[in-house]
>>> print(open('final_23.cif').read())   # mmCIF, C-alpha atoms and all ligand atoms
data_coords
#
loop_
_atom_site.label_atom_id
_atom_site.label_comp_id
_atom_site.auth_asym_id
_atom_site.auth_seq_id
_atom_site.Cartn_x
_atom_site.Cartn_y
_atom_site.Cartn_z
CA MET A 1 107.43 112.46 74.20
CA HIS A 2 106.83 109.32 72.16
CA LYS A 3 107.46 109.75 68.49
CA TRP A 4 104.97 107.87 66.32
CA ILE A 5 106.67 104.95 64.59
CA SER A 6 105.03 102.89 61.86
CA GLN A 7 104.17 99.25 62.51
CA GLU A 8 106.46 98.20 59.63
CA ILE A 9 109.45 99.86 61.29
CA ILE A 10 108.58 98.26 64.64
CA GLU A 11 108.31 94.80 63.07
CA LEU A 12 111.65 95.26 61.33
CA LEU A 13 113.38 96.42 64.54
CA GLU A 14 111.90 93.46 66.44
CA SER A 15 113.28 91.12 63.81
CA VAL A 16 116.75 92.70 63.95
CA TRP A 17 116.68 92.26 67.76
CA THR A 18 115.55 88.62 67.75
CA ASN A 19 118.03 87.71 65.02
CA GLU A 20 120.82 89.37 66.99
CA GLU A 21 119.86 87.14 69.95
CA LYS A 22 120.52 84.17 67.69
CA GLY A 23 123.79 85.66 66.48
CA ALA A 24 122.55 86.67 63.01
CA ASN A 25 122.57 90.14 61.50
CA ASP A 26 122.21 89.51 57.78
CA GLU A 27 119.39 91.06 55.80
CA GLU A 28 118.11 87.71 54.54
CA SER A 29 117.53 86.23 58.01
CA ILE A 30 116.05 89.48 59.27
CA ALA A 31 113.70 89.76 56.29
CA SER A 32 112.55 86.14 56.52
CA SER A 33 111.59 86.34 60.20
CA ALA A 34 110.09 89.85 60.13
CA LYS A 35 106.30 89.98 60.40
CA THR A 36 106.23 92.53 57.63
CA THR A 37 107.56 92.65 54.08
CA VAL A 38 111.08 94.02 54.24
CA THR A 39 111.56 96.23 51.21
CA GLU A 40 114.50 98.40 50.22
CA ASP A 41 112.25 101.41 50.95
CA LEU A 42 111.63 100.24 54.51
CA LEU A 43 115.32 99.61 55.15
CA ALA A 44 116.24 103.00 53.68
CA GLU A 45 113.60 104.70 55.83
CA CYS A 46 114.89 103.00 59.01
CA GLU A 47 118.40 104.07 58.14
CA ARG A 48 117.35 107.65 57.41
CA GLU A 49 115.37 107.85 60.66
CA GLY A 50 118.44 106.66 62.57
CA TYR A 51 117.20 103.24 63.75
CA ILE A 52 119.67 101.04 61.90
CA THR A 53 122.98 101.15 60.09
CA ARG A 54 123.74 98.97 57.08
CA ASN A 55 127.04 97.62 55.93
CA LEU A 56 126.68 95.50 52.79
CA SER A 57 123.94 93.04 53.84
CA GLU A 58 124.57 93.36 57.58
CA ILE A 59 122.11 95.32 59.68
CA GLU A 60 122.88 96.77 63.11
CA LEU A 61 120.63 98.67 65.52
CA THR A 62 121.73 102.19 66.44
CA PRO A 63 121.31 103.20 70.11
CA LEU A 64 117.93 104.73 69.17
CA GLY A 65 116.88 101.59 67.26
CA ARG A 66 118.04 99.42 70.15
CA LYS A 67 116.02 101.39 72.71
CA THR A 68 112.94 101.28 70.49
CA ALA A 69 113.25 97.53 69.87
CA GLU A 70 113.95 96.86 73.54
CA ASP A 71 110.69 98.56 74.59
CA VAL A 72 108.66 96.55 72.09
CA ILE A 73 110.36 93.24 72.93
CA ARG A 74 109.83 93.89 76.62
CA ARG A 75 106.11 94.58 76.14
CA HIS A 76 105.73 91.56 73.88
CA ARG A 77 107.40 89.14 76.29
CA ILE A 78 105.74 90.53 79.43
CA ALA A 79 102.38 90.19 77.66
CA GLU A 80 103.22 86.56 76.84
CA ARG A 81 103.97 85.90 80.52
CA LEU A 82 100.71 87.56 81.53
CA VAL A 83 98.69 85.45 79.12
CA VAL A 84 100.39 82.18 80.07
CA ASP A 85 100.78 82.71 83.85
CA VAL A 86 97.64 84.63 84.71
CA LEU A 87 95.18 83.82 81.94
CA GLY A 88 96.40 80.24 81.78
CA MET A 89 96.66 79.90 78.04
CA THR A 90 99.09 77.45 76.48
CA LEU A 91 102.16 78.37 74.48
CA GLU A 92 100.44 77.10 71.31
CA GLU A 93 97.52 79.47 71.86
CA VAL A 94 100.04 82.22 72.54
CA GLU A 95 101.91 81.59 69.33
CA SER A 96 98.90 81.80 67.07
CA ASP A 97 98.47 85.46 67.97
CA ALA A 98 102.07 86.28 68.72
CA CYS A 99 102.43 89.31 66.51
CA GLU A 100 99.63 91.13 68.34
CA PHE A 101 101.14 90.63 71.76
CA GLU A 102 102.72 93.96 72.37
CA HIS A 103 99.33 95.58 71.71
CA LEU A 104 97.76 93.70 74.60
CA VAL A 105 99.53 95.82 77.15
CA ALA A 106 99.57 99.60 77.10
CA PRO A 107 103.06 101.06 77.63
CA GLY A 108 101.83 102.94 80.72
CA ILE A 109 100.93 99.81 82.69
CA ILE A 110 103.85 97.59 81.71
CA GLU A 111 105.70 98.32 84.96
CA ALA A 112 102.62 97.46 87.04
CA ILE A 113 102.22 94.15 85.19
CA CYS A 114 105.94 93.38 85.46
CA THR A 115 105.68 93.94 89.22
CA LEU A 116 102.52 91.82 89.49
CA LEU A 117 104.33 88.98 87.73
CA GLY A 118 107.35 89.32 90.02
CA HIS A 119 109.70 90.90 87.42
CA PRO A 120 110.07 87.80 85.24
CA ARG A 121 113.47 87.38 83.58
CA THR A 122 112.32 85.20 80.67
CA CYS A 123 109.27 84.81 78.45
CA PRO A 124 107.46 81.45 78.11
CA HIS A 125 109.78 80.66 75.18
CA ASN A 126 112.69 81.12 77.58
CA LEU A 127 113.95 84.24 75.81
CA PRO A 128 115.26 87.08 78.00
CA ILE A 129 112.90 89.93 78.91
CA PRO A 130 114.77 93.26 78.82
CA GLU A 131 114.83 94.84 82.29
CA GLY A 132 112.60 97.79 83.04
CA HIS A 133 112.96 100.54 85.59
CA CYS A 134 110.76 98.53 87.99
CA CYS A 135 113.08 95.50 87.81
CA ARG A 136 116.17 97.56 88.63
CA LYS A 137 114.37 99.24 91.55
CA HIS A 138 113.20 95.83 92.71
CA GLU A 139 116.81 94.67 93.20
CA HIS A 140 116.93 96.93 96.24
CA HIS A 141 113.51 95.89 97.56
CA LEU A 142 113.67 92.16 97.46
CA ASP A 143 110.42 91.64 99.34
CA SER A 144 108.03 93.73 97.32
CA VAL A 145 106.96 91.06 94.87
CA VAL A 146 104.37 88.43 94.33
CA THR A 147 105.08 84.92 95.54
CA SER A 148 103.12 81.69 95.57
CA VAL A 149 101.42 80.40 98.72
CA ASP A 150 103.75 77.41 99.04
CA ASN A 151 106.55 79.92 99.81
CA LEU A 152 104.74 81.41 102.80
CA ASN A 153 105.49 80.33 106.36
CA VAL A 154 102.81 78.84 108.55
CA GLY A 155 100.93 81.72 110.18
CA ASP A 156 101.69 84.24 107.42
CA ARG A 157 98.85 86.36 106.17
CA ALA A 158 98.97 87.82 102.67
CA ARG A 159 96.67 89.40 100.13
CA VAL A 160 95.90 87.40 96.99
CA ALA A 161 97.24 89.01 93.80
CA TYR A 162 95.93 86.45 91.34
CA VAL A 163 95.31 82.76 90.85
CA SER A 164 97.09 81.26 87.87
CA ALA A 165 94.45 80.17 85.41
CA ARG A 166 96.45 77.29 83.97
CA ASN A 167 93.59 75.16 85.18
CA TYR A 168 90.34 77.03 84.73
CA SER A 169 88.10 74.76 86.80
CA ARG A 170 90.58 75.14 89.65
CA VAL A 171 90.28 78.92 89.49
CA GLN A 172 86.51 78.64 89.61
CA LYS A 173 86.65 76.23 92.52
CA LEU A 174 89.04 78.43 94.51
CA SER A 175 86.95 81.46 93.72
CA SER A 176 83.81 79.70 94.97
CA LEU A 177 85.70 79.02 98.21
CA GLY A 178 86.47 82.72 98.55
CA ILE A 179 90.05 82.75 97.27
CA SER A 180 90.17 85.50 94.67
CA PRO A 181 92.27 88.63 94.02
CA GLY A 182 92.21 91.15 96.86
CA VAL A 183 91.22 88.84 99.72
CA THR A 184 93.59 88.20 102.59
CA ILE A 185 94.39 84.60 103.39
CA ARG A 186 96.42 82.99 106.15
CA LEU A 187 98.55 79.90 105.72
CA HIS A 188 97.36 77.66 108.55
CA GLN A 189 99.33 74.50 107.90
CA LYS A 190 101.91 73.19 105.46
CA PHE A 191 102.29 69.60 106.56
CA PRO A 192 101.00 66.96 105.87
CA GLY A 193 98.95 69.09 103.47
CA PHE A 194 98.39 72.79 102.86
CA VAL A 195 95.52 74.40 104.75
CA ILE A 196 94.60 77.96 103.88
CA GLN A 197 92.36 80.03 106.07
CA CYS A 198 90.09 82.45 104.27
CA ASP A 199 87.71 84.34 106.56
CA GLU A 200 86.30 81.66 108.86
CA THR A 201 86.80 78.85 106.38
CA GLN A 202 89.74 76.49 106.33
CA ILE A 203 90.50 75.05 102.94
CA ALA A 204 92.74 72.04 102.40
CA VAL A 205 94.64 72.20 99.12
CA GLU A 206 97.35 70.19 97.44
CA LYS A 207 100.81 71.72 97.06
CA GLU A 208 100.25 71.99 93.31
CA ILE A 209 97.29 74.24 93.98
CA ALA A 210 99.14 76.30 96.62
CA LYS A 211 101.74 76.96 93.91
CA ASP A 212 99.06 78.48 91.69
CA ILE A 213 97.87 81.02 94.26
CA PHE A 214 99.98 84.19 94.13
CA VAL A 215 100.05 86.72 96.95
CA TRP A 216 101.65 90.11 97.51
CA GLN A 217 104.76 89.59 99.60
CA ASP A 218 104.91 93.16 100.86
CA ASP A 219 101.49 92.67 102.48
CA LYS A 220 102.77 89.63 104.27
CA VAL A 221 102.08 89.76 107.99
CA THR A 222 103.52 87.10 110.24
CA GLY A 223 101.48 85.90 113.18
ZN ZN B 301 108.27 84.51 73.96
ZN ZN B 302 110.03 94.75 86.53
#
>>> encode(input="final_23.cif", output="structure tokens")
Amino acid sequence: MHKWISQEIIELLESVWTNEEKGANDEESIASSAKTTVTEDLLAECEREGYITRNLSEIELTPLGRKTAEDVIRRHRIAERLVVDVLGMTLEEVESDACEFEHLVAPGIIEAICTLLGHPRTCPHNLPIPEGHCCRKHEHHLDSVVTSVDNLNVGDRARVAYVSARNYSRVQKLSSLGISPGVTIRLHQKFPGFVIQCDETQIAVEKEIAKDIFVWQDDKVTG
């Protein structure tokens, strides 16, 4: 079903897309921000294959080119969110490897990751993430997403999806207390401080930490 497309073509289409977001569609801007050398051969190939149209030095995506670029941009930006939100890396660390991002996530699991992350609308650079099928479906199932513990009500039980690794020692500490993906926790108290029950243990945490623990909302059980 998927036609093989060369990396050069993908890089060019990504550049056309990101330039369009900034309101530019001239060959010079597109060539200078593309992560590949934009040659006349490459442009001619993209045109022949039906990905772009050219009018003087202006480049536009065709519907096919737009769909192809959208898929890549979506993977790239979802992968950035995954790396920043779940793996806890900084934007600077993200940027140094940015061109490899879309390869981090296989196309087949992008919807699962998008769902895990709660269908994010923007990447860490605040650029829009194109909607996937899962995001559109989600509009009708508002509860089936991940939320942070500070959004639970006292007495709610929920299964942990992940702990944001923004602070690695915090992840280790929570994990040593039994809070790790897959375990069910119960929010025991919210005021004056958060108390989370995990098995027989009650763990007092600051709100900042409660915000870093993400649980599946659809597993939420009140009581
Ligand atoms: Zn980004
Ligand atoms: Zn989604």
>>> closest_residue(input="final_23.cif", among="A:Pro128, A:Pro107, A:Gly118, A:Gly23", to="ligand ZN 301 (chain B)", atoms="all atoms listed in the file")
A:Pro128
>>> residues_near_ligand(input="final_23.cif", ligand="ligand ZN 302 (chain B)", cutoff="12 Å", atoms="all atoms listed in the file", output="ChimeraX atom specification")
/A:74-75,77-78,109-122,129-139,141-142,144-146
>>> closest_residue(input="final_23.cif", among="A:Tyr162, A:Tyr168, A:Phe214, A:Phe101", to="ligand ZN 301 (chain B)", atoms="all atoms listed in the file")
A:Phe101
>>> closest_residue(input="final_23.cif", among="A:Gly65, A:Gly50, A:Pro124, A:Gly193", to="ligand ZN 301 (chain B)", atoms="only C-alpha atoms and all ligand atoms")
A:Pro124
>>> closest_atom_pairs(input="final_23.cif", of="chain A", to="ligand ZN 301 (chain B)", cutoff="8 Å", atoms="only C-alpha atoms and all ligand atoms", output="tab-separated table")
residue	atom	partner	partner_atom	distance
A:His76	CA	B:ZN301	ZN	7.5
A:Arg77	CA	B:ZN301	ZN	5.3
A:Glu80	CA	B:ZN301	ZN	6.2
A:Arg81	CA	B:ZN301	ZN	8.0
A:Thr122	CA	B:ZN301	ZN	7.9
A:Cys123	CA	B:ZN301	ZN	4.6
A:Pro124	CA	B:ZN301	ZN	5.2
A:His125	CA	B:ZN301	ZN	4.3
A:Asn126	CA	B:ZN301	ZN	6.6
A:Leu127	CA	B:ZN301	ZN	6.0
>>> atom_distance(input="final_23.cif", atom1="atom CA of A:Val154", atom2="atom CA of A:Ser175")
21.9 Å
>>> residues_around(input="final_23.cif", residues="A:Asp41", least_positions_apart="6", cutoff="12 Å", atoms="only C-alpha atoms", output="list of chain:residue names")
A:Glu8, A:Ile9, A:Glu47, A:Arg48
>>> closest_residue(input="final_23.cif", among="A:Thr147, A:Ser57, A:Gln217, A:Asn25", to="A:Ser164", atoms="all atoms listed in the file")
A:Thr147
>>> closest_residue(input="final_23.cif", among="A:Val94, A:Val84, A:Leu61, A:Ile73", to="A:Arg166", atoms="only C-alpha atoms")
A:Val84
>>> atom_distance(input="final_23.cif", atom1="atom CA of A:Ala106", atom2="atom CA of A:Leu82")
12.9 Å
>>> residues_around(input="final_23.cif", residues="A:Glu208", least_positions_apart="5", cutoff="12 Å", atoms="all atoms listed in the file", output="ChimeraX atom specification")
/A:148-150,164,166-167,170,193-194,213
>>> write_last_selection(input="final_23.cif", atoms="C-alpha atoms", output="short mmCIF file (atom, residue, chain, number, x, y, z; two decimals), in the coordinates of the input")
data_model
loop_
_atom_site.label_atom_id
_atom_site.label_comp_id
_atom_site.auth_asym_id
_atom_site.auth_seq_id
_atom_site.Cartn_x
_atom_site.Cartn_y
_atom_site.Cartn_z
CA SER A 148 103.12 81.69 95.57
CA VAL A 149 101.42 80.40 98.72
CA ASP A 150 103.75 77.41 99.04
CA SER A 164 97.09 81.26 87.87
CA ARG A 166 96.45 77.29 83.97
CA ASN A 167 93.59 75.16 85.18
CA ARG A 170 90.58 75.14 89.65
CA GLY A 193 98.95 69.09 103.47
CA PHE A 194 98.39 72.79 102.86
CA ILE A 213 97.87 81.02 94.26
#
